Amino acid sequence: MIDINESVMQFLLAFVVVGPLLGAVAALLPAPPGLKGKSPGQAVLRHGVTVTGAILVAAIVLALGFDHDQPSKMQATTDISWIPALDVRIHLGIDGISLPLLVLTALLTFLCALYSYFKPPAGPSPKAFVALVLLLESGTLATFAVLDLLLFFLAFEMVLIPMYFLIARWGGEGRTRAAWKFILFTLLGSVVMLLGLLLIGIKAGTFDMVALATDNGRSLTTSVQVIAVLAIGIGLAVKTPMWPLHSWLPDAHTAAPTVGSVLLAGVLLKMGTYGFVRILLPIAPDGFRTFAPYLAAFAVVGIIYGSLACLALAKQGAKGDLKRLIAYSSVGHMGFVLLGIATMTPTGVNGALFANIAHGLITGLLFFLVGALKDRTGSTDLDTLAEETGAALYGKAPRLGGLLAFGAVASLGLPGLAGFWGEMLALFGAFNPAADLSRPAFLTFMAIGAFGTLLTAAYMLIVVRRVCMGAVRQDMPKLADVHGYEFAAWTPLVALTVVAGLWPRVLLGLTDPAVQQLLAGGTR
């Protein structure tokens with residue numbers, strides 16, 4: 001780690017949050033300043049790579065300058081009065097919980113911009129596409145960096161419009177319906193969430209998340225906490241998404257362009273679970289405790305439901321869409337995240353945060369791979385893919401087949417890869433939940449969740465068998481293997497999946513002290 005002055009850290013965090021927003025404005029100018037290309041479209045795509053690359057570098061420097069000896073302490077903080085009448089402040093800061101999500105967002109957005117430069121999106125103006133991606137990045141990064149409830153809500157909502165247009169204008173078949181479903185579900189959930197946030201701010205006399213977490217619910221009655229957790233939890237559960245509020249997700253993923261699917265799965269879904277950890281657990285612990293068993297129950301139903309839906313899609317002759325299958329797998333994987341949070345234990349919450357990062361890396365890679373298969377075969381239908389490849393992707397495009405198999409085994413939680421630790425820790429947390437939660441109930445949830453891991457292995461291995469394994473037929477057309485720009489976009493995700501799997505302490509060393517303090521009563 002490197003020693004960086006606090007004022008420099010403050011500037012870096014502010015730049016990470018505001019930089020993409022300024023880049024989005026610049027992308028809409030007649031020509032992005034200082035950048036040229038063979039065409040205006042190429043120039044603006046290069047602008048997107050440059051801006052997201054600068055944000056990634058700033059995020060990495062921020063991580064290197066972070067005091068890893070005090071990960072529970074808010075660092076790089078900025079606190080400026082914005083709306084004095086409401087005591088709303090521009091309050092930014094990062095700790096061991098938010099830093100990994102900040103870096104993950106910057107990385108995935110850069111990889112998406114790089115991929116789009118070499119594989120431009122089919123559709124209208126590249127200017128609008130780049131501006132929307134940068135606006136999406138700014139809103140997501142702000143969500144993980146702001147420490148004021150109303151600012152959190154604004155950042156949380158900021159991502160909806162760009163994602164709506166990415167689906168509606170650059171998506172595939174059924175994109176209009178999927179985009180409307182996405183925006184309606186998330187907006188309705190957000191309206192309810194805003195009421196809960198206002199209730200907390202008015203009753204506690206402040207919207208400052210650090211002060212509220214330090215207070216640990218002492219200034220809020222139990223009834224206020226219960227109402228607030230219910231209202232805020234609904235909004236967060238829609239974004240997560242939690243069963244049965246998940247139905248917008250498969251349609252959105254199926255219709256979205258490759259880049260949209262990567263960002264939706266890898267980044268946007270994390271905003272909901274982050275809100276559970278950052279807001280509800282420390283600010284309204286008594287209210288959260290009331291709903292924890294129900295949250296865990298919905299989580300394990302989601303695990304089984306998502307897995308069974310994937311199994312149904314993976315079956316021979318089921319007209320299963322691979323993109324839709326991976327979308328349903330996210331319902332199951334995020335179920336483990338919610339189960340870990342519901343245990344209200346350091347083990348479970350650490351597992352949830354680890355699973356968040358692992359899911360972003362692995363599912364981001366899988367959506368990139370499915371996009372590549374669609375580019376080569378024109379379809380994501382499993383029957384069509386099996387027919388186009390002769391069910392022999394290993395033989396026709398060995399690197400592409402190998403990466404698909406890697407993503408599949410990482411997703412099913414193979415020990416030694418990132419997907420294993422989060423799910424295991426979430427189940428361990430359910431084995432011994434917080435003292436005032438029903439242990440028999442959580443043991444039941446643990447057993448159901450463990451069964452879900454077997455179902456995950458089943459459908460992922462079926463996908464690998466159907467698409468990758470088989471004898472190469474000479475009458476089948478050639479299939480291009482992985483291109484150079486695809487290697488550049490995918491290699492970091494593969495490497496980080498391995499590193500996080502082999503050295504989980506890299507992540508857990510950041511999150512655990514922050515989680516311990518958060519559950520004990522706030523953050524400094």
# chains A, B, ... in the order shown; residues from 1 in each chain; ligands from 1

$ residues_around --residues "region 123-131 of chain A" --least-positions-apart "6" --cutoff "9 Å" --atoms "only C-alpha atoms" --output "short mmCIF file (atom, residue, chain, number, x, y, z; two decimals) with all heavy atoms, in the first residue's frame"
data_model
loop_
_atom_site.label_atom_id
_atom_site.label_comp_id
_atom_site.auth_asym_id
_atom_site.auth_seq_id
_atom_site.Cartn_x
_atom_site.Cartn_y
_atom_site.Cartn_z
N PRO A 20 -17.18 10.40 -14.37
CA PRO A 20 -18.01 9.83 -15.44
C PRO A 20 -19.15 10.75 -15.87
O PRO A 20 -19.52 10.78 -17.05
CB PRO A 20 -18.57 8.55 -14.79
CG PRO A 20 -17.63 8.22 -13.71
CD PRO A 20 -17.13 9.53 -13.19
N LEU A 21 -19.69 11.53 -14.92
CA LEU A 21 -20.77 12.47 -15.26
C LEU A 21 -20.25 13.56 -16.20
O LEU A 21 -20.91 13.89 -17.20
CB LEU A 21 -21.33 13.08 -13.98
CG LEU A 21 -22.57 13.96 -14.11
CD1 LEU A 21 -23.73 13.18 -14.72
CD2 LEU A 21 -22.95 14.53 -12.75
N GLY A 23 -17.67 13.19 -18.13
CA GLY A 23 -17.39 12.49 -19.37
C GLY A 23 -18.62 12.26 -20.21
O GLY A 23 -18.58 12.32 -21.44
N ALA A 24 -19.76 12.01 -19.55
CA ALA A 24 -21.03 11.84 -20.27
C ALA A 24 -21.43 13.12 -20.98
O ALA A 24 -21.89 13.09 -22.13
CB ALA A 24 -22.12 11.40 -19.30
N VAL A 25 -21.26 14.26 -20.31
CA VAL A 25 -21.56 15.55 -20.95
C VAL A 25 -20.64 15.78 -22.14
O VAL A 25 -21.07 16.19 -23.22
CB VAL A 25 -21.44 16.69 -19.92
CG1 VAL A 25 -21.61 18.04 -20.60
CG2 VAL A 25 -22.45 16.52 -18.80
N ALA A 26 -19.35 15.49 -21.96
CA ALA A 26 -18.38 15.69 -23.04
C ALA A 26 -18.67 14.80 -24.23
O ALA A 26 -18.44 15.18 -25.38
CB ALA A 26 -16.97 15.42 -22.52
N ALA A 27 -19.20 13.59 -23.97
CA ALA A 27 -19.50 12.66 -25.07
C ALA A 27 -20.57 13.21 -26.00
O ALA A 27 -20.63 12.83 -27.18
CB ALA A 27 -19.93 11.31 -24.52
N LEU A 28 -21.43 14.08 -25.48
CA LEU A 28 -22.53 14.63 -26.29
C LEU A 28 -22.13 15.87 -27.05
O LEU A 28 -22.93 16.40 -27.84
CB LEU A 28 -23.73 14.94 -25.38
CG LEU A 28 -24.36 13.73 -24.68
CD1 LEU A 28 -25.43 14.18 -23.70
CD2 LEU A 28 -24.93 12.76 -25.70
N LEU A 29 -20.91 16.38 -26.83
CA LEU A 29 -20.43 17.54 -27.57
C LEU A 29 -20.20 17.16 -29.03
O LEU A 29 -20.09 15.97 -29.37
CB LEU A 29 -19.14 18.07 -26.94
CG LEU A 29 -19.26 18.58 -25.49
CD1 LEU A 29 -17.89 18.98 -24.96
CD2 LEU A 29 -20.23 19.75 -25.42
N PRO A 40 -16.67 9.74 -36.44
CA PRO A 40 -17.17 10.31 -35.17
C PRO A 40 -17.57 9.23 -34.17
O PRO A 40 -17.38 9.38 -32.97
CB PRO A 40 -18.36 11.15 -35.62
CG PRO A 40 -18.10 11.48 -37.05
CD PRO A 40 -17.37 10.30 -37.61
N GLY A 41 -18.16 8.12 -34.69
CA GLY A 41 -18.56 7.04 -33.81
C GLY A 41 -17.37 6.41 -33.10
O GLY A 41 -17.41 6.16 -31.90
N GLN A 42 -16.27 6.18 -33.85
CA GLN A 42 -15.08 5.59 -33.24
C GLN A 42 -14.46 6.56 -32.23
O GLN A 42 -13.97 6.15 -31.17
CB GLN A 42 -14.06 5.24 -34.32
CG GLN A 42 -12.87 4.47 -33.77
CD GLN A 42 -11.79 4.26 -34.80
OE1 GLN A 42 -11.24 5.22 -35.34
NE2 GLN A 42 -11.47 3.00 -35.06
N VAL A 44 -15.99 8.80 -30.32
CA VAL A 44 -16.73 8.85 -29.07
C VAL A 44 -16.58 7.54 -28.28
O VAL A 44 -16.56 7.55 -27.05
CB VAL A 44 -18.21 9.20 -29.33
CG1 VAL A 44 -18.99 7.99 -29.84
CG2 VAL A 44 -18.87 9.74 -28.06
N LEU A 45 -16.45 6.41 -28.99
CA LEU A 45 -16.20 5.15 -28.30
C LEU A 45 -14.82 5.16 -27.64
O LEU A 45 -14.65 4.64 -26.53
CB LEU A 45 -16.32 3.97 -29.27
CG LEU A 45 -17.74 3.67 -29.76
CD1 LEU A 45 -17.71 2.67 -30.91
CD2 LEU A 45 -18.60 3.12 -28.61
N HIS A 47 -13.42 7.86 -26.59
CA HIS A 47 -13.64 8.75 -25.44
C HIS A 47 -14.16 7.95 -24.25
O HIS A 47 -13.72 8.16 -23.11
CB HIS A 47 -14.64 9.84 -25.84
CG HIS A 47 -15.14 10.67 -24.70
ND1 HIS A 47 -14.37 11.63 -24.08
CD2 HIS A 47 -16.35 10.68 -24.06
CE1 HIS A 47 -15.07 12.20 -23.11
NE2 HIS A 47 -16.27 11.64 -23.09
N GLY A 48 -15.10 7.03 -24.49
CA GLY A 48 -15.62 6.20 -23.41
C GLY A 48 -14.54 5.35 -22.76
O GLY A 48 -14.49 5.22 -21.53
N ALA A 113 -16.58 -0.68 -21.85
CA ALA A 113 -16.22 0.37 -22.81
C ALA A 113 -15.18 -0.15 -23.80
O ALA A 113 -15.25 0.14 -25.01
CB ALA A 113 -15.69 1.59 -22.07
N PRO A 162 -30.58 5.66 -17.63
CA PRO A 162 -29.62 5.13 -18.60
C PRO A 162 -29.81 3.64 -18.91
O PRO A 162 -29.71 3.22 -20.05
CB PRO A 162 -28.25 5.40 -17.97
CG PRO A 162 -28.51 5.80 -16.58
CD PRO A 162 -29.89 6.34 -16.53
N PHE A 165 -32.79 3.14 -21.31
CA PHE A 165 -32.51 3.44 -22.71
C PHE A 165 -31.52 2.45 -23.33
O PHE A 165 -31.60 2.15 -24.53
CB PHE A 165 -31.99 4.88 -22.85
CG PHE A 165 -33.08 5.91 -22.80
CD1 PHE A 165 -33.21 6.75 -21.72
CD2 PHE A 165 -33.99 6.02 -23.84
CE1 PHE A 165 -34.23 7.69 -21.66
CE2 PHE A 165 -35.02 6.95 -23.80
CZ PHE A 165 -35.13 7.80 -22.71
N LEU A 166 -30.58 1.94 -22.52
CA LEU A 166 -29.66 0.92 -23.06
C LEU A 166 -30.43 -0.32 -23.50
O LEU A 166 -30.12 -0.92 -24.54
CB LEU A 166 -28.62 0.54 -22.00
CG LEU A 166 -27.49 1.55 -21.76
CD1 LEU A 166 -26.63 1.12 -20.58
CD2 LEU A 166 -26.63 1.73 -23.01
N ARG A 169 -33.15 0.91 -26.57
CA ARG A 169 -32.61 1.36 -27.86
C ARG A 169 -31.56 0.43 -28.44
O ARG A 169 -31.38 0.39 -29.65
CB ARG A 169 -32.02 2.77 -27.72
CG ARG A 169 -33.04 3.82 -27.29
CD ARG A 169 -32.48 5.21 -27.38
NE ARG A 169 -32.24 5.62 -28.78
CZ ARG A 169 -31.66 6.77 -29.11
NH1 ARG A 169 -31.25 7.60 -28.18
NH2 ARG A 169 -31.49 7.07 -30.38
N TRP A 170 -30.85 -0.29 -27.60
CA TRP A 170 -29.79 -1.17 -28.12
C TRP A 170 -30.05 -2.64 -27.81
O TRP A 170 -29.20 -3.49 -28.07
CB TRP A 170 -28.43 -0.75 -27.52
CG TRP A 170 -27.90 0.52 -28.12
CD1 TRP A 170 -27.12 0.63 -29.25
CD2 TRP A 170 -28.11 1.84 -27.64
NE1 TRP A 170 -26.84 1.95 -29.49
CE2 TRP A 170 -27.44 2.73 -28.52
CE3 TRP A 170 -28.81 2.38 -26.57
CZ2 TRP A 170 -27.44 4.11 -28.35
CZ3 TRP A 170 -28.81 3.75 -26.39
CH2 TRP A 170 -28.14 4.61 -27.26
N GLY A 171 -31.21 -2.95 -27.28
CA GLY A 171 -31.52 -4.33 -26.93
C GLY A 171 -32.00 -5.15 -28.11
O GLY A 171 -32.10 -4.67 -29.24
#

$ closest_atom_pairs --of "region 233-302 of chain A" --to "region 432-450 of chain A" --cutoff "8 Å" --atoms "only C-alpha atoms" --output "CSV"
residue,atom,partner,partner_atom,distance
A:Arg289,CA,A:Leu437,CA,7.6
A:Ala292,CA,A:Leu437,CA,8.0
A:Pro293,CA,A:Leu437,CA,7.4
A:Ala296,CA,A:Phe445,CA,7.0
A:Ala297,CA,A:Phe445,CA,6.7
A:Val300,CA,A:Gly449,CA,5.6

$ write_last_selection --atoms "C-alpha atoms" --output "JSON list (two decimals), in the first residue's frame"
[["chain", "number", "residue", "atom", "x", "y", "z"],
["A", 289, "ARG", "CA", -34.40, -8.31, 13.29],
["A", 292, "ALA", "CA", -34.78, -11.24, 9.19],
["A", 293, "PRO", "CA", -36.47, -14.69, 9.25],
["A", 296, "ALA", "CA", -34.11, -15.53, 4.83],
["A", 297, "ALA", "CA", -37.21, -17.49, 3.81],
["A", 300, "VAL", "CA", -33.95, -19.62, 0.04]]

$ closest_residue --among "A:Val494, A:Val103, A:Ile283, A:Ala309" --to "Pro250 (chain A)" --atoms "only C-alpha atoms"
A:Ala309

$ residues_around --residues "Gly340 (chain A)" --least-positions-apart "2" --cutoff "8 Å" --atoms "only C-alpha atoms" --output "PyMOL selection string"
chain A and resi 336-338+342-345+347-352+425-427+429-430

$ residues_around --residues "Leu281 (chain A)" --least-positions-apart "3" --cutoff "8 Å" --atoms "only C-alpha atoms" --output "list in words"
Phe276, Val277, Arg278, Ala284, Pro285, Phe288, Met344, Leu518 and Leu519 of chain A

$ write_last_selection --atoms "C-alpha atoms" --output "mmCIF file, in the first residue's frame"
data_model
loop_
_atom_site.group_PDB
_atom_site.id
_atom_site.type_symbol
_atom_site.label_atom_id
_atom_site.label_comp_id
_atom_site.auth_asym_id
_atom_site.auth_seq_id
_atom_site.Cartn_x
_atom_site.Cartn_y
_atom_site.Cartn_z
ATOM 1 C CA PHE A 276 -29.404 -3.699 3.192
ATOM 2 C CA VAL A 277 -25.916 -3.758 4.735
ATOM 3 C CA ARG A 278 -25.143 -0.029 4.773
ATOM 4 C CA ALA A 284 -32.676 0.072 12.148
ATOM 5 C CA PRO A 285 -31.380 -3.142 13.774
ATOM 6 C CA PHE A 288 -34.426 -5.577 10.654
ATOM 7 C CA MET A 344 -27.137 -10.684 11.169
ATOM 8 C CA LEU A 518 -21.251 -2.082 11.831
ATOM 9 C CA LEU A 519 -23.020 -4.898 13.673
#

$ residues_around --residues "region 252-257 of chain A" --least-positions-apart "2" --cutoff "7 Å" --atoms "only C-alpha atoms" --output "PDB file with all heavy atoms, in the first residue's frame"
ATOM      1  N   ILE A 167     -31.447  -0.685 -22.725  1.00  0.00           N
ATOM      2  CA  ILE A 167     -32.266  -1.844 -23.096  1.00  0.00           C
ATOM      3  C   ILE A 167     -33.195  -1.494 -24.256  1.00  0.00           C
ATOM      4  O   ILE A 167     -33.287  -2.225 -25.251  1.00  0.00           O
ATOM      5  CB  ILE A 167     -33.089  -2.336 -21.891  1.00  0.00           C
ATOM      6  CG1 ILE A 167     -32.167  -2.835 -20.775  1.00  0.00           C
ATOM      7  CG2 ILE A 167     -34.036  -3.467 -22.311  1.00  0.00           C
ATOM      8  CD1 ILE A 167     -32.886  -3.138 -19.467  1.00  0.00           C
ATOM      9  N   TRP A 170     -30.848  -0.294 -27.596  1.00  0.00           N
ATOM     10  CA  TRP A 170     -29.786  -1.168 -28.116  1.00  0.00           C
ATOM     11  C   TRP A 170     -30.052  -2.642 -27.814  1.00  0.00           C
ATOM     12  O   TRP A 170     -29.195  -3.485 -28.069  1.00  0.00           O
ATOM     13  CB  TRP A 170     -28.431  -0.750 -27.524  1.00  0.00           C
ATOM     14  CG  TRP A 170     -27.904   0.515 -28.123  1.00  0.00           C
ATOM     15  CD1 TRP A 170     -27.124   0.631 -29.251  1.00  0.00           C
ATOM     16  CD2 TRP A 170     -28.115   1.843 -27.639  1.00  0.00           C
ATOM     17  NE1 TRP A 170     -26.840   1.954 -29.489  1.00  0.00           N
ATOM     18  CE2 TRP A 170     -27.437   2.726 -28.523  1.00  0.00           C
ATOM     19  CE3 TRP A 170     -28.806   2.379 -26.567  1.00  0.00           C
ATOM     20  CZ2 TRP A 170     -27.440   4.106 -28.349  1.00  0.00           C
ATOM     21  CZ3 TRP A 170     -28.812   3.753 -26.390  1.00  0.00           C
ATOM     22  CH2 TRP A 170     -28.137   4.605 -27.263  1.00  0.00           C
ATOM     23  N   GLY A 171     -31.206  -2.948 -27.284  1.00  0.00           N
ATOM     24  CA  GLY A 171     -31.517  -4.325 -26.932  1.00  0.00           C
ATOM     25  C   GLY A 171     -31.999  -5.149 -28.113  1.00  0.00           C
ATOM     26  O   GLY A 171     -32.102  -4.670 -29.244  1.00  0.00           O
ATOM     27  N   GLY A 172     -32.311  -6.405 -27.842  1.00  0.00           N
ATOM     28  CA  GLY A 172     -32.768  -7.317 -28.881  1.00  0.00           C
ATOM     29  C   GLY A 172     -34.277  -7.450 -28.888  1.00  0.00           C
ATOM     30  O   GLY A 172     -35.013  -6.527 -28.509  1.00  0.00           O
ATOM     31  N   GLU A 173     -34.726  -8.619 -29.259  1.00  0.00           N
ATOM     32  CA  GLU A 173     -36.159  -8.875 -29.373  1.00  0.00           C
ATOM     33  C   GLU A 173     -36.868  -8.687 -28.022  1.00  0.00           C
ATOM     34  O   GLU A 173     -36.384  -9.117 -26.990  1.00  0.00           O
ATOM     35  CB  GLU A 173     -36.376 -10.313 -29.867  1.00  0.00           C
ATOM     36  CG  GLU A 173     -37.824 -10.656 -30.140  1.00  0.00           C
ATOM     37  CD  GLU A 173     -37.992 -12.088 -30.636  1.00  0.00           C
ATOM     38  OE1 GLU A 173     -36.959 -12.731 -30.934  1.00  0.00           O
ATOM     39  OE2 GLU A 173     -39.144 -12.550 -30.725  1.00  0.00           O
ATOM     40  N   GLY A 174     -37.995  -8.006 -28.056  1.00  0.00           N
ATOM     41  CA  GLY A 174     -38.766  -7.760 -26.836  1.00  0.00           C
ATOM     42  C   GLY A 174     -38.201  -6.661 -25.965  1.00  0.00           C
ATOM     43  O   GLY A 174     -38.572  -6.550 -24.795  1.00  0.00           O
ATOM     44  N   ARG A 175     -37.330  -5.815 -26.532  1.00  0.00           N
ATOM     45  CA  ARG A 175     -36.630  -4.823 -25.708  1.00  0.00           C
ATOM     46  C   ARG A 175     -37.558  -3.754 -25.129  1.00  0.00           C
ATOM     47  O   ARG A 175     -37.363  -3.311 -23.992  1.00  0.00           O
ATOM     48  CB  ARG A 175     -35.508  -4.160 -26.510  1.00  0.00           C
ATOM     49  CG  ARG A 175     -35.950  -3.404 -27.756  1.00  0.00           C
ATOM     50  CD  ARG A 175     -34.739  -2.848 -28.493  1.00  0.00           C
ATOM     51  NE  ARG A 175     -35.112  -2.087 -29.673  1.00  0.00           N
ATOM     52  CZ  ARG A 175     -35.267  -2.604 -30.873  1.00  0.00           C
ATOM     53  NH1 ARG A 175     -35.093  -3.914 -31.039  1.00  0.00           N
ATOM     54  NH2 ARG A 175     -35.591  -1.857 -31.903  1.00  0.00           N
ATOM     55  N   ALA A 178     -39.416  -5.228 -22.148  1.00  0.00           N
ATOM     56  CA  ALA A 178     -38.479  -5.493 -21.054  1.00  0.00           C
ATOM     57  C   ALA A 178     -38.037  -4.199 -20.387  1.00  0.00           C
ATOM     58  O   ALA A 178     -37.919  -4.130 -19.151  1.00  0.00           O
ATOM     59  CB  ALA A 178     -37.262  -6.251 -21.583  1.00  0.00           C
ATOM     60  N   ALA A 179     -37.799  -3.149 -21.189  1.00  0.00           N
ATOM     61  CA  ALA A 179     -37.355  -1.873 -20.630  1.00  0.00           C
ATOM     62  C   ALA A 179     -38.449  -1.243 -19.771  1.00  0.00           C
ATOM     63  O   ALA A 179     -38.181  -0.714 -18.685  1.00  0.00           O
ATOM     64  CB  ALA A 179     -36.956  -0.920 -21.759  1.00  0.00           C
ATOM     65  N   PHE A 182     -38.733  -3.150 -16.501  1.00  0.00           N
ATOM     66  CA  PHE A 182     -37.624  -2.778 -15.627  1.00  0.00           C
ATOM     67  C   PHE A 182     -37.887  -1.448 -14.935  1.00  0.00           C
ATOM     68  O   PHE A 182     -37.768  -1.330 -13.703  1.00  0.00           O
ATOM     69  CB  PHE A 182     -36.327  -2.703 -16.445  1.00  0.00           C
ATOM     70  CG  PHE A 182     -35.212  -1.966 -15.763  1.00  0.00           C
ATOM     71  CD1 PHE A 182     -34.497  -2.563 -14.740  1.00  0.00           C
ATOM     72  CD2 PHE A 182     -34.878  -0.664 -16.130  1.00  0.00           C
ATOM     73  CE1 PHE A 182     -33.472  -1.879 -14.095  1.00  0.00           C
ATOM     74  CE2 PHE A 182     -33.862   0.026 -15.499  1.00  0.00           C
ATOM     75  CZ  PHE A 182     -33.153  -0.579 -14.481  1.00  0.00           C
ATOM     76  N   TRP A 248     -38.892  -8.825 -13.366  1.00  0.00           N
ATOM     77  CA  TRP A 248     -38.380  -7.919 -14.391  1.00  0.00           C
ATOM     78  C   TRP A 248     -37.004  -8.360 -14.896  1.00  0.00           C
ATOM     79  O   TRP A 248     -36.603  -8.027 -16.020  1.00  0.00           O
ATOM     80  CB  TRP A 248     -38.268  -6.498 -13.827  1.00  0.00           C
ATOM     81  CG  TRP A 248     -37.331  -6.378 -12.662  1.00  0.00           C
ATOM     82  CD1 TRP A 248     -37.645  -6.494 -11.344  1.00  0.00           C
ATOM     83  CD2 TRP A 248     -35.906  -6.148 -12.704  1.00  0.00           C
ATOM     84  NE1 TRP A 248     -36.529  -6.356 -10.551  1.00  0.00           N
ATOM     85  CE2 TRP A 248     -35.455  -6.135 -11.364  1.00  0.00           C
ATOM     86  CE3 TRP A 248     -34.992  -5.957 -13.726  1.00  0.00           C
ATOM     87  CZ2 TRP A 248     -34.113  -5.924 -11.032  1.00  0.00           C
ATOM     88  CZ3 TRP A 248     -33.659  -5.753 -13.405  1.00  0.00           C
ATOM     89  CH2 TRP A 248     -33.235  -5.732 -12.077  1.00  0.00           C
ATOM     90  N   LEU A 249     -36.256  -9.109 -14.074  1.00  0.00           N
ATOM     91  CA  LEU A 249     -34.853  -9.385 -14.370  1.00  0.00           C
ATOM     92  C   LEU A 249     -34.629 -10.276 -15.592  1.00  0.00           C
ATOM     93  O   LEU A 249     -33.835  -9.916 -16.473  1.00  0.00           O
ATOM     94  CB  LEU A 249     -34.166  -9.991 -13.140  1.00  0.00           C
ATOM     95  CG  LEU A 249     -32.670 -10.276 -13.311  1.00  0.00           C
ATOM     96  CD1 LEU A 249     -31.885  -8.986 -13.376  1.00  0.00           C
ATOM     97  CD2 LEU A 249     -32.158 -11.135 -12.158  1.00  0.00           C
ATOM     98  N   PRO A 250     -35.281 -11.455 -15.706  1.00  0.00           N
ATOM     99  CA  PRO A 250     -35.019 -12.297 -16.883  1.00  0.00           C
ATOM    100  C   PRO A 250     -35.319 -11.589 -18.203  1.00  0.00           C
ATOM    101  O   PRO A 250     -34.553 -11.716 -19.171  1.00  0.00           O
ATOM    102  CB  PRO A 250     -35.947 -13.496 -16.660  1.00  0.00           C
ATOM    103  CG  PRO A 250     -36.172 -13.539 -15.183  1.00  0.00           C
ATOM    104  CD  PRO A 250     -36.205 -12.112 -14.755  1.00  0.00           C
ATOM    105  N   VAL A 259     -23.271  -5.461 -23.204  1.00  0.00           N
ATOM    106  CA  VAL A 259     -22.746  -4.523 -22.207  1.00  0.00           C
ATOM    107  C   VAL A 259     -23.800  -4.221 -21.144  1.00  0.00           C
ATOM    108  O   VAL A 259     -23.493  -4.152 -19.946  1.00  0.00           O
ATOM    109  CB  VAL A 259     -22.281  -3.232 -22.909  1.00  0.00           C
ATOM    110  CG1 VAL A 259     -22.074  -2.110 -21.915  1.00  0.00           C
ATOM    111  CG2 VAL A 259     -20.999  -3.492 -23.688  1.00  0.00           C
ATOM    112  N   GLY A 260     -25.057  -4.066 -21.562  1.00  0.00           N
ATOM    113  CA  GLY A 260     -26.124  -3.814 -20.603  1.00  0.00           C
ATOM    114  C   GLY A 260     -26.300  -4.962 -19.632  1.00  0.00           C
ATOM    115  O   GLY A 260     -26.494  -4.749 -18.428  1.00  0.00           O
ATOM    116  N   SER A 261     -26.224  -6.198 -20.130  1.00  0.00           N
ATOM    117  CA  SER A 261     -26.357  -7.365 -19.254  1.00  0.00           C
ATOM    118  C   SER A 261     -25.210  -7.452 -18.260  1.00  0.00           C
ATOM    119  O   SER A 261     -25.413  -7.773 -17.086  1.00  0.00           O
ATOM    120  CB  SER A 261     -26.415  -8.647 -20.086  1.00  0.00           C
ATOM    121  OG  SER A 261     -27.608  -8.719 -20.830  1.00  0.00           O
ATOM    122  N   LYS A 323     -29.001 -16.704 -22.198  1.00  0.00           N
ATOM    123  CA  LYS A 323     -29.000 -15.440 -21.469  1.00  0.00           C
ATOM    124  C   LYS A 323     -30.050 -15.455 -20.358  1.00  0.00           C
ATOM    125  O   LYS A 323     -29.811 -14.988 -19.246  1.00  0.00           O
ATOM    126  CB  LYS A 323     -29.289 -14.276 -22.424  1.00  0.00           C
ATOM    127  CG  LYS A 323     -28.076 -13.556 -22.944  1.00  0.00           C
ATOM    128  CD  LYS A 323     -28.483 -12.349 -23.747  1.00  0.00           C
ATOM    129  CE  LYS A 323     -28.053 -11.105 -23.020  1.00  0.00           C
ATOM    130  NZ  LYS A 323     -28.276  -9.894 -23.840  1.00  0.00           N
ATOM    131  N   ARG A 324     -31.209 -15.977 -20.685  1.00  0.00           N
ATOM    132  CA  ARG A 324     -32.279 -16.039 -19.694  1.00  0.00           C
ATOM    133  C   ARG A 324     -31.901 -16.985 -18.553  1.00  0.00           C
ATOM    134  O   ARG A 324     -32.211 -16.717 -17.386  1.00  0.00           O
ATOM    135  CB  ARG A 324     -33.565 -16.510 -20.374  1.00  0.00           C
ATOM    136  CG  ARG A 324     -34.833 -16.229 -19.594  1.00  0.00           C
ATOM    137  CD  ARG A 324     -36.077 -16.541 -20.417  1.00  0.00           C
ATOM    138  NE  ARG A 324     -37.275 -16.082 -19.739  1.00  0.00           N
ATOM    139  CZ  ARG A 324     -37.759 -14.862 -19.780  1.00  0.00           C
ATOM    140  NH1 ARG A 324     -37.116 -13.934 -20.501  1.00  0.00           N
ATOM    141  NH2 ARG A 324     -38.851 -14.518 -19.134  1.00  0.00           N
ATOM    142  N   ALA A 327     -29.628 -15.207 -16.277  1.00  0.00           N
ATOM    143  CA  ALA A 327     -30.408 -14.232 -15.504  1.00  0.00           C
ATOM    144  C   ALA A 327     -31.107 -14.911 -14.328  1.00  0.00           C
ATOM    145  O   ALA A 327     -31.088 -14.407 -13.195  1.00  0.00           O
ATOM    146  CB  ALA A 327     -31.430 -13.549 -16.408  1.00  0.00           C
TER     147      ALA A 327
END
